[in-house]
>>> print(open('entry.pdb').read())   # PDB, C-alpha atoms
ATOM      1  CA  MET A   1       0.000   0.000   0.000
ATOM      2  CA  THR A   2       1.461   3.318  -1.061
ATOM      3  CA  HIS A   3       1.616   5.990   1.626
ATOM      4  CA  ARG A   4       0.570   9.356   0.173
ATOM      5  CA  ARG A   5       2.137  12.351   1.903
ATOM      6  CA  TRP A   6       0.169  15.603   2.087
ATOM      7  CA  PHE A   7       2.933  17.664   0.508
ATOM      8  CA  THR A   8       3.299  15.529  -2.638
ATOM      9  CA  PRO A   9       0.843  17.585  -4.760
ATOM     10  CA  TRP A  10       2.482  20.821  -3.600
ATOM     11  CA  LEU A  11       5.904  19.436  -4.449
ATOM     12  CA  LEU A  12       4.750  18.584  -7.971
ATOM     13  CA  ALA A  13       3.159  21.990  -8.456
ATOM     14  CA  ALA A  14       6.128  23.916  -6.994
ATOM     15  CA  PRO A  15       8.112  24.375 -10.268
ATOM     16  CA  ALA A  16       5.077  25.849 -12.067
ATOM     17  CA  VAL A  17       4.214  28.052  -9.070
ATOM     18  CA  VAL A  18       7.791  29.358  -8.854
ATOM     19  CA  TRP A  19       7.855  30.009 -12.600
ATOM     20  CA  LEU A  20       4.589  31.966 -12.486
ATOM     21  CA  ALA A  21       5.685  33.931  -9.423
ATOM     22  CA  VAL A  22       9.071  34.902 -10.888
ATOM     23  CA  PHE A  23       8.108  35.581 -14.494
ATOM     24  CA  ASN A  24       4.456  36.684 -14.188
ATOM     25  CA  LEU A  25       3.435  37.786 -10.720
ATOM     26  CA  TRP A  26       6.572  39.693  -9.710
ATOM     27  CA  PRO A  27       6.921  41.628 -13.022
ATOM     28  CA  ALA A  28       3.262  42.671 -12.734
ATOM     29  CA  VAL A  29       3.674  43.831  -9.133
ATOM     30  CA  ASN A  30       6.963  45.568  -9.979
ATOM     31  CA  THR A  31       5.291  47.412 -12.880
ATOM     32  CA  VAL A  32       2.669  48.796 -10.505
ATOM     33  CA  ILE A  33       5.397  49.909  -8.072
ATOM     34  CA  LEU A  34       7.506  51.525 -10.803
ATOM     35  CA  SER A  35       4.496  53.436 -12.117
ATOM     36  CA  PHE A  36       4.619  55.573  -8.972
ATOM     37  CA  THR A  37       8.328  56.445  -9.405
ATOM     38  CA  ASN A  38      10.564  58.306 -11.849
ATOM     39  CA  ALA A  39      12.752  55.228 -12.375
ATOM     40  CA  LYS A  40      15.328  55.164 -15.167
ATOM     41  CA  PRO A  41      16.902  52.119 -16.852
ATOM     42  CA  LEU A  42      20.105  52.589 -14.847
ATOM     43  CA  GLY A  43      18.595  53.810 -11.570
ATOM     44  CA  GLY A  44      15.904  52.965  -9.062
ATOM     45  CA  GLY A  45      14.316  56.406  -9.053
ATOM     46  CA  ARG A  46      12.234  57.918  -6.280
ATOM     47  CA  PHE A  47       8.569  57.887  -5.331
ATOM     48  CA  THR A  48       6.573  60.535  -7.220
ATOM     49  CA  GLY A  49       3.005  59.540  -6.380
ATOM     50  CA  LEU A  50       0.506  60.067  -9.189
ATOM     51  CA  ALA A  51       2.822  62.302 -11.219
ATOM     52  CA  ASN A  52       3.141  59.786 -14.076
ATOM     53  CA  TYR A  53      -0.627  59.385 -14.339
ATOM     54  CA  GLU A  54      -1.107  63.163 -14.277
ATOM     55  CA  ARG A  55       1.448  63.434 -17.066
ATOM     56  CA  ALA A  56      -0.490  60.845 -19.071
ATOM     57  CA  LEU A  57      -3.644  62.983 -18.908
ATOM     58  CA  GLY A  58      -1.899  65.748 -20.837
ATOM     59  CA  ASP A  59       0.150  63.578 -23.210
ATOM     60  CA  GLU A  60      -0.980  64.307 -26.779
ATOM     61  CA  GLN A  61       0.941  61.328 -28.132
ATOM     62  CA  LEU A  62      -0.937  59.063 -25.739
ATOM     63  CA  ALA A  63      -4.249  60.576 -26.885
ATOM     64  CA  ASP A  64      -3.329  59.808 -30.516
ATOM     65  CA  ALA A  65      -2.212  56.285 -29.575
ATOM     66  CA  LEU A  66      -5.450  55.614 -27.704
ATOM     67  CA  LEU A  67      -7.474  56.872 -30.666
ATOM     68  CA  ASN A  68      -5.513  54.597 -33.003
ATOM     69  CA  SER A  69      -6.080  51.624 -30.693
ATOM     70  CA  VAL A  70      -9.825  52.267 -30.426
ATOM     71  CA  ILE A  71     -10.153  52.587 -34.233
ATOM     72  CA  TYR A  72      -8.129  49.393 -34.590
ATOM     73  CA  LEU A  73     -10.520  47.632 -32.211
ATOM     74  CA  LEU A  74     -13.716  48.936 -33.803
ATOM     75  CA  ILE A  75     -12.664  47.781 -37.279
ATOM     76  CA  CYS A  76     -10.879  44.520 -36.474
ATOM     77  CA  LEU A  77     -13.495  43.208 -34.047
ATOM     78  CA  PRO A  78     -16.411  42.823 -36.509
ATOM     79  CA  LEU A  79     -14.232  41.860 -39.487
ATOM     80  CA  LEU A  80     -12.238  39.169 -37.686
ATOM     81  CA  THR A  81     -15.314  37.875 -35.882
ATOM     82  CA  PHE A  82     -17.472  37.211 -38.941
ATOM     83  CA  LEU A  83     -15.121  36.846 -41.947
ATOM     84  CA  PRO A  84     -13.295  33.793 -40.498
ATOM     85  CA  LEU A  85     -16.690  32.197 -39.793
ATOM     86  CA  LEU A  86     -17.678  32.614 -43.438
ATOM     87  CA  LEU A  87     -14.326  31.165 -44.518
ATOM     88  CA  ALA A  88     -14.805  28.235 -42.154
ATOM     89  CA  LEU A  89     -18.230  27.534 -43.666
ATOM     90  CA  LEU A  90     -16.652  27.514 -47.132
ATOM     91  CA  VAL A  91     -13.678  25.253 -46.383
ATOM     92  CA  GLU A  92     -15.728  22.956 -44.120
ATOM     93  CA  LYS A  93     -17.331  21.363 -47.161
ATOM     94  CA  LYS A  94     -15.678  18.208 -48.443
ATOM     95  CA  LEU A  95     -14.896  19.207 -52.015
ATOM     96  CA  PRO A  96     -12.026  18.208 -54.341
ATOM     97  CA  GLY A  97      -8.995  20.410 -53.681
ATOM     98  CA  ILE A  98     -10.449  22.010 -50.539
ATOM     99  CA  THR A  99      -7.290  21.079 -48.593
ATOM    100  CA  PHE A 100      -5.314  23.465 -50.792
ATOM    101  CA  PHE A 101      -7.574  26.372 -49.862
ATOM    102  CA  ARG A 102      -7.448  25.489 -46.165
ATOM    103  CA  THR A 103      -3.656  25.556 -46.339
ATOM    104  CA  ALA A 104      -3.620  28.782 -48.348
ATOM    105  CA  PHE A 105      -5.883  30.569 -45.869
ATOM    106  CA  TYR A 106      -3.784  29.398 -42.910
ATOM    107  CA  THR A 107      -0.344  30.113 -44.416
ATOM    108  CA  PRO A 108      -0.209  33.805 -43.304
ATOM    109  CA  VAL A 109      -0.701  32.682 -39.694
ATOM    110  CA  VAL A 110       2.541  30.701 -39.558
ATOM    111  CA  ALA A 111       4.538  33.412 -41.347
ATOM    112  CA  SER A 112       6.541  35.796 -39.189
ATOM    113  CA  ALA A 113       4.745  39.075 -38.498
ATOM    114  CA  VAL A 114       7.954  40.983 -39.273
ATOM    115  CA  VAL A 115       8.494  39.202 -42.587
ATOM    116  CA  VAL A 116       4.858  39.716 -43.607
ATOM    117  CA  GLY A 117       5.095  43.373 -42.590
ATOM    118  CA  LEU A 118       8.197  43.852 -44.723
ATOM    119  CA  ILE A 119       6.452  42.279 -47.723
ATOM    120  CA  TRP A 120       3.419  44.498 -47.245
ATOM    121  CA  GLY A 121       5.718  47.500 -46.883
ATOM    122  CA  TRP A 122       7.254  46.685 -50.243
ATOM    123  CA  VAL A 123       3.788  46.296 -51.824
ATOM    124  CA  LEU A 124       2.442  49.556 -50.328
ATOM    125  CA  ASP A 125       5.529  51.708 -50.841
ATOM    126  CA  ASP A 126       5.290  54.779 -53.094
ATOM    127  CA  ARG A 127       7.284  52.808 -55.672
ATOM    128  CA  GLY A 128       5.747  49.494 -54.681
ATOM    129  CA  LEU A 129       3.623  46.957 -56.481
ATOM    130  CA  LEU A 130       0.213  48.427 -55.610
ATOM    131  CA  ASN A 131       1.098  51.960 -56.676
ATOM    132  CA  GLY A 132       2.636  50.544 -59.841
ATOM    133  CA  ILE A 133      -0.631  48.774 -60.681
ATOM    134  CA  LEU A 134      -2.709  51.863 -59.876
ATOM    135  CA  GLY A 135      -0.453  53.974 -62.078
ATOM    136  CA  ALA A 136      -0.586  51.485 -64.954
ATOM    137  CA  LEU A 137      -4.378  51.415 -64.808
ATOM    138  CA  GLY A 138      -4.555  55.210 -64.666
ATOM    139  CA  ALA A 139      -6.416  55.061 -61.353
ATOM    140  CA  ALA A 140      -3.990  57.451 -59.611
ATOM    141  CA  ASP A 141      -2.115  60.467 -60.991
ATOM    142  CA  ARG A 142       0.533  60.182 -58.295
ATOM    143  CA  PRO A 143       1.601  57.490 -55.804
ATOM    144  CA  VAL A 144      -0.834  56.939 -52.941
ATOM    145  CA  SER A 145       0.879  57.575 -49.600
ATOM    146  CA  PHE A 146      -0.094  54.307 -47.922
ATOM    147  CA  LEU A 147       2.899  54.428 -45.573
ATOM    148  CA  THR A 148       3.363  58.163 -45.037
ATOM    149  CA  ASP A 149      -0.198  59.363 -44.461
ATOM    150  CA  ARG A 150      -1.410  58.975 -40.892
ATOM    151  CA  TRP A 151      -4.785  57.402 -41.616
ATOM    152  CA  LEU A 152      -3.756  55.400 -44.677
ATOM    153  CA  LEU A 153      -0.907  53.910 -42.641
ATOM    154  CA  LEU A 154      -3.325  52.972 -39.860
ATOM    155  CA  PHE A 155      -5.822  51.372 -42.249
ATOM    156  CA  SER A 156      -2.995  49.560 -44.063
ATOM    157  CA  ALA A 157      -1.904  48.064 -40.742
ATOM    158  CA  ILE A 158      -5.497  47.065 -39.997
ATOM    159  CA  ALA A 159      -5.743  45.360 -43.406
ATOM    160  CA  LEU A 160      -2.529  43.475 -42.633
ATOM    161  CA  THR A 161      -3.868  42.380 -39.239
ATOM    162  CA  VAL A 162      -7.149  41.170 -40.746
ATOM    163  CA  TRP A 163      -5.403  39.326 -43.574
ATOM    164  CA  LYS A 164      -2.960  37.617 -41.222
ATOM    165  CA  GLY A 165      -5.578  36.688 -38.624
ATOM    166  CA  LEU A 166      -8.225  35.195 -40.906
ATOM    167  CA  GLY A 167      -6.708  31.718 -40.979
ATOM    168  CA  TYR A 168      -6.115  31.530 -37.232
ATOM    169  CA  TYR A 169      -9.688  32.321 -36.261
ATOM    170  CA  MET A 170     -10.976  30.187 -39.148
ATOM    171  CA  VAL A 171      -9.450  27.128 -37.480
ATOM    172  CA  ILE A 172     -11.228  27.954 -34.201
ATOM    173  CA  TYR A 173     -14.538  28.186 -36.046
ATOM    174  CA  LEU A 174     -13.864  24.936 -37.919
ATOM    175  CA  SER A 175     -13.523  23.178 -34.583
ATOM    176  CA  ALA A 176     -16.751  24.764 -33.327
ATOM    177  CA  LEU A 177     -18.651  23.883 -36.509
ATOM    178  CA  GLY A 178     -17.624  20.264 -36.080
ATOM    179  CA  ASN A 179     -19.493  20.215 -32.758
ATOM    180  CA  VAL A 180     -22.783  21.494 -34.216
ATOM    181  CA  PRO A 181     -25.078  18.440 -34.605
ATOM    182  CA  ARG A 182     -25.839  17.666 -38.237
ATOM    183  CA  GLU A 183     -29.279  16.498 -37.156
ATOM    184  CA  LEU A 184     -30.263  20.084 -36.392
ATOM    185  CA  HIS A 185     -29.406  21.203 -39.932
ATOM    186  CA  GLU A 186     -31.228  18.239 -41.415
ATOM    187  CA  ALA A 187     -34.320  18.843 -39.270
ATOM    188  CA  ALA A 188     -34.335  22.543 -40.215
ATOM    189  CA  ALA A 189     -33.979  21.658 -43.903
ATOM    190  CA  VAL A 190     -36.874  19.204 -43.659
ATOM    191  CA  ASP A 191     -38.981  21.971 -42.102
ATOM    192  CA  GLY A 192     -38.264  24.119 -45.127
ATOM    193  CA  ALA A 193     -35.761  26.512 -43.566
ATOM    194  CA  SER A 194     -33.570  28.314 -46.082
ATOM    195  CA  ALA A 195     -29.775  28.327 -45.880
ATOM    196  CA  ALA A 196     -29.862  31.831 -44.381
ATOM    197  CA  ARG A 197     -32.345  30.788 -41.684
ATOM    198  CA  ARG A 198     -30.319  27.674 -40.868
ATOM    199  CA  PHE A 199     -27.227  29.847 -40.519
ATOM    200  CA  ARG A 200     -29.041  32.234 -38.188
ATOM    201  CA  HIS A 201     -30.932  29.737 -36.034
ATOM    202  CA  VAL A 202     -28.628  26.698 -36.069
ATOM    203  CA  THR A 203     -25.059  27.663 -36.970
ATOM    204  CA  LEU A 204     -24.745  30.912 -35.012
ATOM    205  CA  PRO A 205     -26.118  29.514 -31.722
ATOM    206  CA  GLY A 206     -23.867  26.475 -32.140
ATOM    207  CA  VAL A 207     -20.681  28.527 -32.545
ATOM    208  CA  ARG A 208     -21.622  31.248 -30.052
ATOM    209  CA  PRO A 209     -19.048  30.189 -27.396
ATOM    210  CA  ALA A 210     -16.309  30.138 -30.036
ATOM    211  CA  MET A 211     -17.475  33.520 -31.322
ATOM    212  CA  MET A 212     -17.163  35.049 -27.851
ATOM    213  CA  LEU A 213     -13.687  33.546 -27.457
ATOM    214  CA  VAL A 214     -12.648  34.937 -30.832
ATOM    215  CA  SER A 215     -14.072  38.362 -29.933
ATOM    216  CA  VAL A 216     -12.061  38.511 -26.701
ATOM    217  CA  LEU A 217      -8.855  37.434 -28.460
ATOM    218  CA  ILE A 218      -9.370  40.032 -31.174
ATOM    219  CA  ALA A 219     -10.132  42.810 -28.676
ATOM    220  CA  VAL A 220      -6.978  42.103 -26.681
ATOM    221  CA  SER A 221      -4.796  41.775 -29.795
ATOM    222  CA  ALA A 222      -6.164  44.956 -31.373
ATOM    223  CA  LEU A 223      -5.505  47.060 -28.289
ATOM    224  CA  ARG A 224      -1.994  45.595 -27.945
ATOM    225  CA  VAL A 225      -1.024  45.829 -31.621
ATOM    226  CA  PHE A 226       2.666  46.499 -32.217
ATOM    227  CA  SER A 227       4.399  44.584 -35.014
ATOM    228  CA  GLU A 228       2.197  45.716 -37.905
ATOM    229  CA  LEU A 229       2.404  49.439 -37.149
ATOM    230  CA  TYR A 230       6.061  49.258 -36.147
ATOM    231  CA  VAL A 231       7.226  47.502 -39.312
ATOM    232  CA  LEU A 232       5.049  49.449 -41.774
ATOM    233  CA  SER A 233       6.122  52.782 -40.245
ATOM    234  CA  ASP A 234       9.762  51.661 -40.036
ATOM    235  CA  GLY A 235       9.621  52.204 -36.285
ATOM    236  CA  THR A 236       8.727  55.888 -36.542
ATOM    237  CA  GLY A 237       5.006  55.656 -35.849
ATOM    238  CA  GLY A 238       4.143  57.514 -39.037
ATOM    239  CA  PRO A 239       4.251  61.282 -39.676
ATOM    240  CA  GLY A 240       4.935  63.049 -36.392
ATOM    241  CA  GLY A 241       4.607  59.724 -34.582
ATOM    242  CA  ARG A 242       0.808  60.089 -34.688
ATOM    243  CA  THR A 243       0.159  56.538 -35.878
ATOM    244  CA  MET A 244       1.742  54.881 -32.872
ATOM    245  CA  SER A 245      -0.076  52.274 -30.834
ATOM    246  CA  VAL A 246       0.018  52.365 -27.033
ATOM    247  CA  VAL A 247       2.528  49.497 -27.012
ATOM    248  CA  MET A 248       4.791  51.425 -29.402
ATOM    249  CA  LEU A 249       4.557  54.433 -27.087
ATOM    250  CA  ILE A 250       5.514  52.308 -24.087
ATOM    251  CA  GLN A 251       8.460  50.917 -26.014
ATOM    252  CA  MET A 252       9.560  54.412 -27.048
ATOM    253  CA  TYR A 253       9.554  55.731 -23.473
ATOM    254  CA  SER A 254      11.282  52.695 -21.962
ATOM    255  CA  ARG A 255      14.170  52.140 -24.377
ATOM    256  CA  GLY A 256      17.678  53.567 -24.190
ATOM    257  CA  PHE A 257      19.779  54.734 -21.256
ATOM    258  CA  THR A 258      17.606  57.838 -20.822
ATOM    259  CA  GLY A 259      14.287  56.018 -20.923
ATOM    260  CA  HIS A 260      11.479  56.784 -18.506
ATOM    261  CA  ILE A 261      10.712  53.405 -16.962
ATOM    262  CA  GLY A 262       8.329  54.908 -14.418
ATOM    263  CA  TYR A 263       6.185  56.631 -17.045
ATOM    264  CA  ALA A 264       6.290  53.589 -19.330
ATOM    265  CA  SER A 265       5.077  51.466 -16.397
ATOM    266  CA  ALA A 266       2.176  53.867 -15.815
ATOM    267  CA  LEU A 267       1.239  53.573 -19.493
ATOM    268  CA  SER A 268       1.364  49.781 -19.149
ATOM    269  CA  ILE A 269      -1.122  49.949 -16.265
ATOM    270  CA  LEU A 270      -3.419  52.182 -18.312
ATOM    271  CA  LEU A 271      -3.189  49.760 -21.255
ATOM    272  CA  PHE A 272      -4.084  46.881 -18.937
ATOM    273  CA  LEU A 273      -7.165  48.730 -17.692
ATOM    274  CA  LEU A 274      -8.115  49.605 -21.276
ATOM    275  CA  THR A 275      -7.806  45.943 -22.268
ATOM    276  CA  VAL A 276      -9.918  44.679 -19.368
ATOM    277  CA  GLY A 277     -12.859  46.913 -20.365
ATOM    278  CA  PRO A 278     -13.780  45.200 -23.661
ATOM    279  CA  MET A 279     -13.246  41.777 -22.084
ATOM    280  CA  LEU A 280     -15.737  42.510 -19.302
ATOM    281  CA  LEU A 281     -18.206  43.981 -21.805
ATOM    282  CA  LEU A 282     -18.021  40.920 -24.059
ATOM    283  CA  ALA A 283     -18.390  38.611 -21.052
ATOM    284  CA  ARG A 284     -21.497  40.523 -19.966
ATOM    285  CA  LEU A 285     -22.988  40.303 -23.465
ATOM    286  CA  ASN A 286     -22.265  36.585 -23.479
ATOM    287  CA  ARG A 287     -24.129  36.090 -20.178
ATOM    288  CA  LYS A 288     -27.110  38.078 -21.453
ATOM    289  CA  GLY A 289     -27.282  36.044 -24.642
ATOM    290  CA  ALA A 290     -26.921  32.703 -22.871
TER     291      ALA A 290
END
>>> encode(input="entry.pdb", output="structure tokens")
Amino acid sequence: MTHRRWFTPWLLAAPAVVWLAVFNLWPAVNTVILSFTNAKPLGGGRFTGLANYERALGDEQLADALLNSVIYLLICLPLLTFLPLLLALLVEKKLPGITFFRTAFYTPVVASAVVVGLIWGWVLDDRGLLNGILGALGAADRPVSFLTDRWLLLFSAIALTVWKGLGYYMVIYLSALGNVPRELHEAAAVDGASAARRFRHVTLPGVRPAMMLVSVLIAVSALRVFSELYVLSDGTGGPGGRTMSVVMLIQMYSRGFTGHIGYASALSILLFLLTVGPMLLLARLNRKGA
């Protein structure tokens, strides 16, 4: 008979607990502490109270970054919630050659965000492929400033995010669609329900949990966007730095020997609070619709 000691489960869980405490819990707590100081990369700094948060209230760059993040969220959320579902419905069917299309739609997901951004930068450049096509067709008298205009740069980054994320969320929906009972579709078809009505009353309720998961993932990713804007703007954040995301702003303030770690930490706390908002809203909507 094996004697089970009380501390055996704790001993097995200890490595994971230590890992989480060192690399997750302590950095989070330290960020909160640093947000109330004027810490520098090479110094501990001193306690300054709410000075960093007061500075954030009057930071015009932060206001622009927040606006960019909100626009990013408002556009990406509906597009990446419904377009992957439509793709999943298309590639779910067992047709000859459908595996090729599944692979093609998923390929951008496995590609490096930096590499994809560089390719898109080449396509959208003033002398790039897209402007060359527009010029050849006579659709534009001069090159369109996709990468040097504030709003065109932002929308170009959004297009890149949507294009790269379609395959990832499509796979989530494919898994959810596989759990929707076929009997429900067959019963609805026998009752004379059209394809649109079956989609509304059978498919959507069946994939609702997956849809809420996808919505939360998109909301968090959109508010924390970095790679797309950074690569397309060549790290500058666009003209006057007005197309920066909040993460880019945090990175700008924290880098170098003269960085402002305390202020960057305060911005990180504000970004966390901004991210929690949409998550709580989506969770509330999910409970109401349940």
>>> resolve_selection(input="entry.pdb", expression="the PyMOL selection byres ((chain A and resi 93-105) around 10)", output="NGL selection string")
:A and (84 or 87-92 or 106-109 or 163-168 or 170-171)
>>> resolve_selection(input="entry.pdb", expression="the PyMOL selection byres ((chain A and resi 267) around 10)", output="MDAnalysis selection string")
chainID A and resid 31 35 52:53 56 62 246:247 249:250 253 261:266 268:273
>>> closest_residue(input="entry.pdb", among="A:Thr48, A:Phe155, A:Glu60, A:Ser233", to="A:Leu118", atoms="only C-alpha atoms")
A:Ser233
>>> closest_residue(input="entry.pdb", among="A:Ala283, A:Leu147, A:Asp59, A:Leu25", to="A:Val216", atoms="only C-alpha atoms")
A:Ala283
>>> closest_residue(input="entry.pdb", among="A:Thr203, A:Pro9, A:Gln251, A:Ala28", to="A:Arg182", atoms="all atoms listed in the file")
A:Thr203
>>> closest_atom_pairs(input="entry.pdb", of="stretch 188-243 of chain A", to="stretch 132-146 of chain A", cutoff="12 Å", atoms="all atoms listed in the file", output="CSV")
residue,atom,partner,partner_atom,distance
A:Leu232,CA,A:Phe146,CA,9.4
A:Ser233,CA,A:Phe146,CA,10.0
A:Gly238,CA,A:Phe146,CA,10.4
A:Pro239,CA,A:Ser145,CA,11.1
>>> write_last_selection(input="entry.pdb", atoms="C-alpha atoms", output="PDB file, in the frame of the given file")
ATOM      1  CA  LEU A 232       5.049  49.449 -41.774  1.00  0.00           C
ATOM      2  CA  SER A 233       6.122  52.782 -40.245  1.00  0.00           C
ATOM      3  CA  GLY A 238       4.143  57.514 -39.037  1.00  0.00           C
ATOM      4  CA  PRO A 239       4.251  61.282 -39.676  1.00  0.00           C
TER       5      PRO A 239
END
>>> atom_distance(input="entry.pdb", atom1="atom CA of A:Leu174", atom2="atom CA of A:Ser215")
15.6 Å
>>> atom_distance(input="entry.pdb", atom1="atom CA of A:Arg242", atom2="atom CA of A:Ile158")
15.4 Å
>>> residues_around(input="entry.pdb", residues="A:Thr37", least_positions_apart="3", cutoff="7 Å", atoms="all atoms listed in the file", output="list in words")
Leu34, Gly45, Arg46, Phe47, Thr48, Gly49 and Gly262 of chain A
>>> residues_around(input="entry.pdb", residues="A:Gly237", least_positions_apart="4", cutoff="12 Å", atoms="all atoms listed in the file", output="MDAnalysis selection string")
chainID A and resid 61 64:65 68 147:151 153:154 157 226:233 241:249 251:252
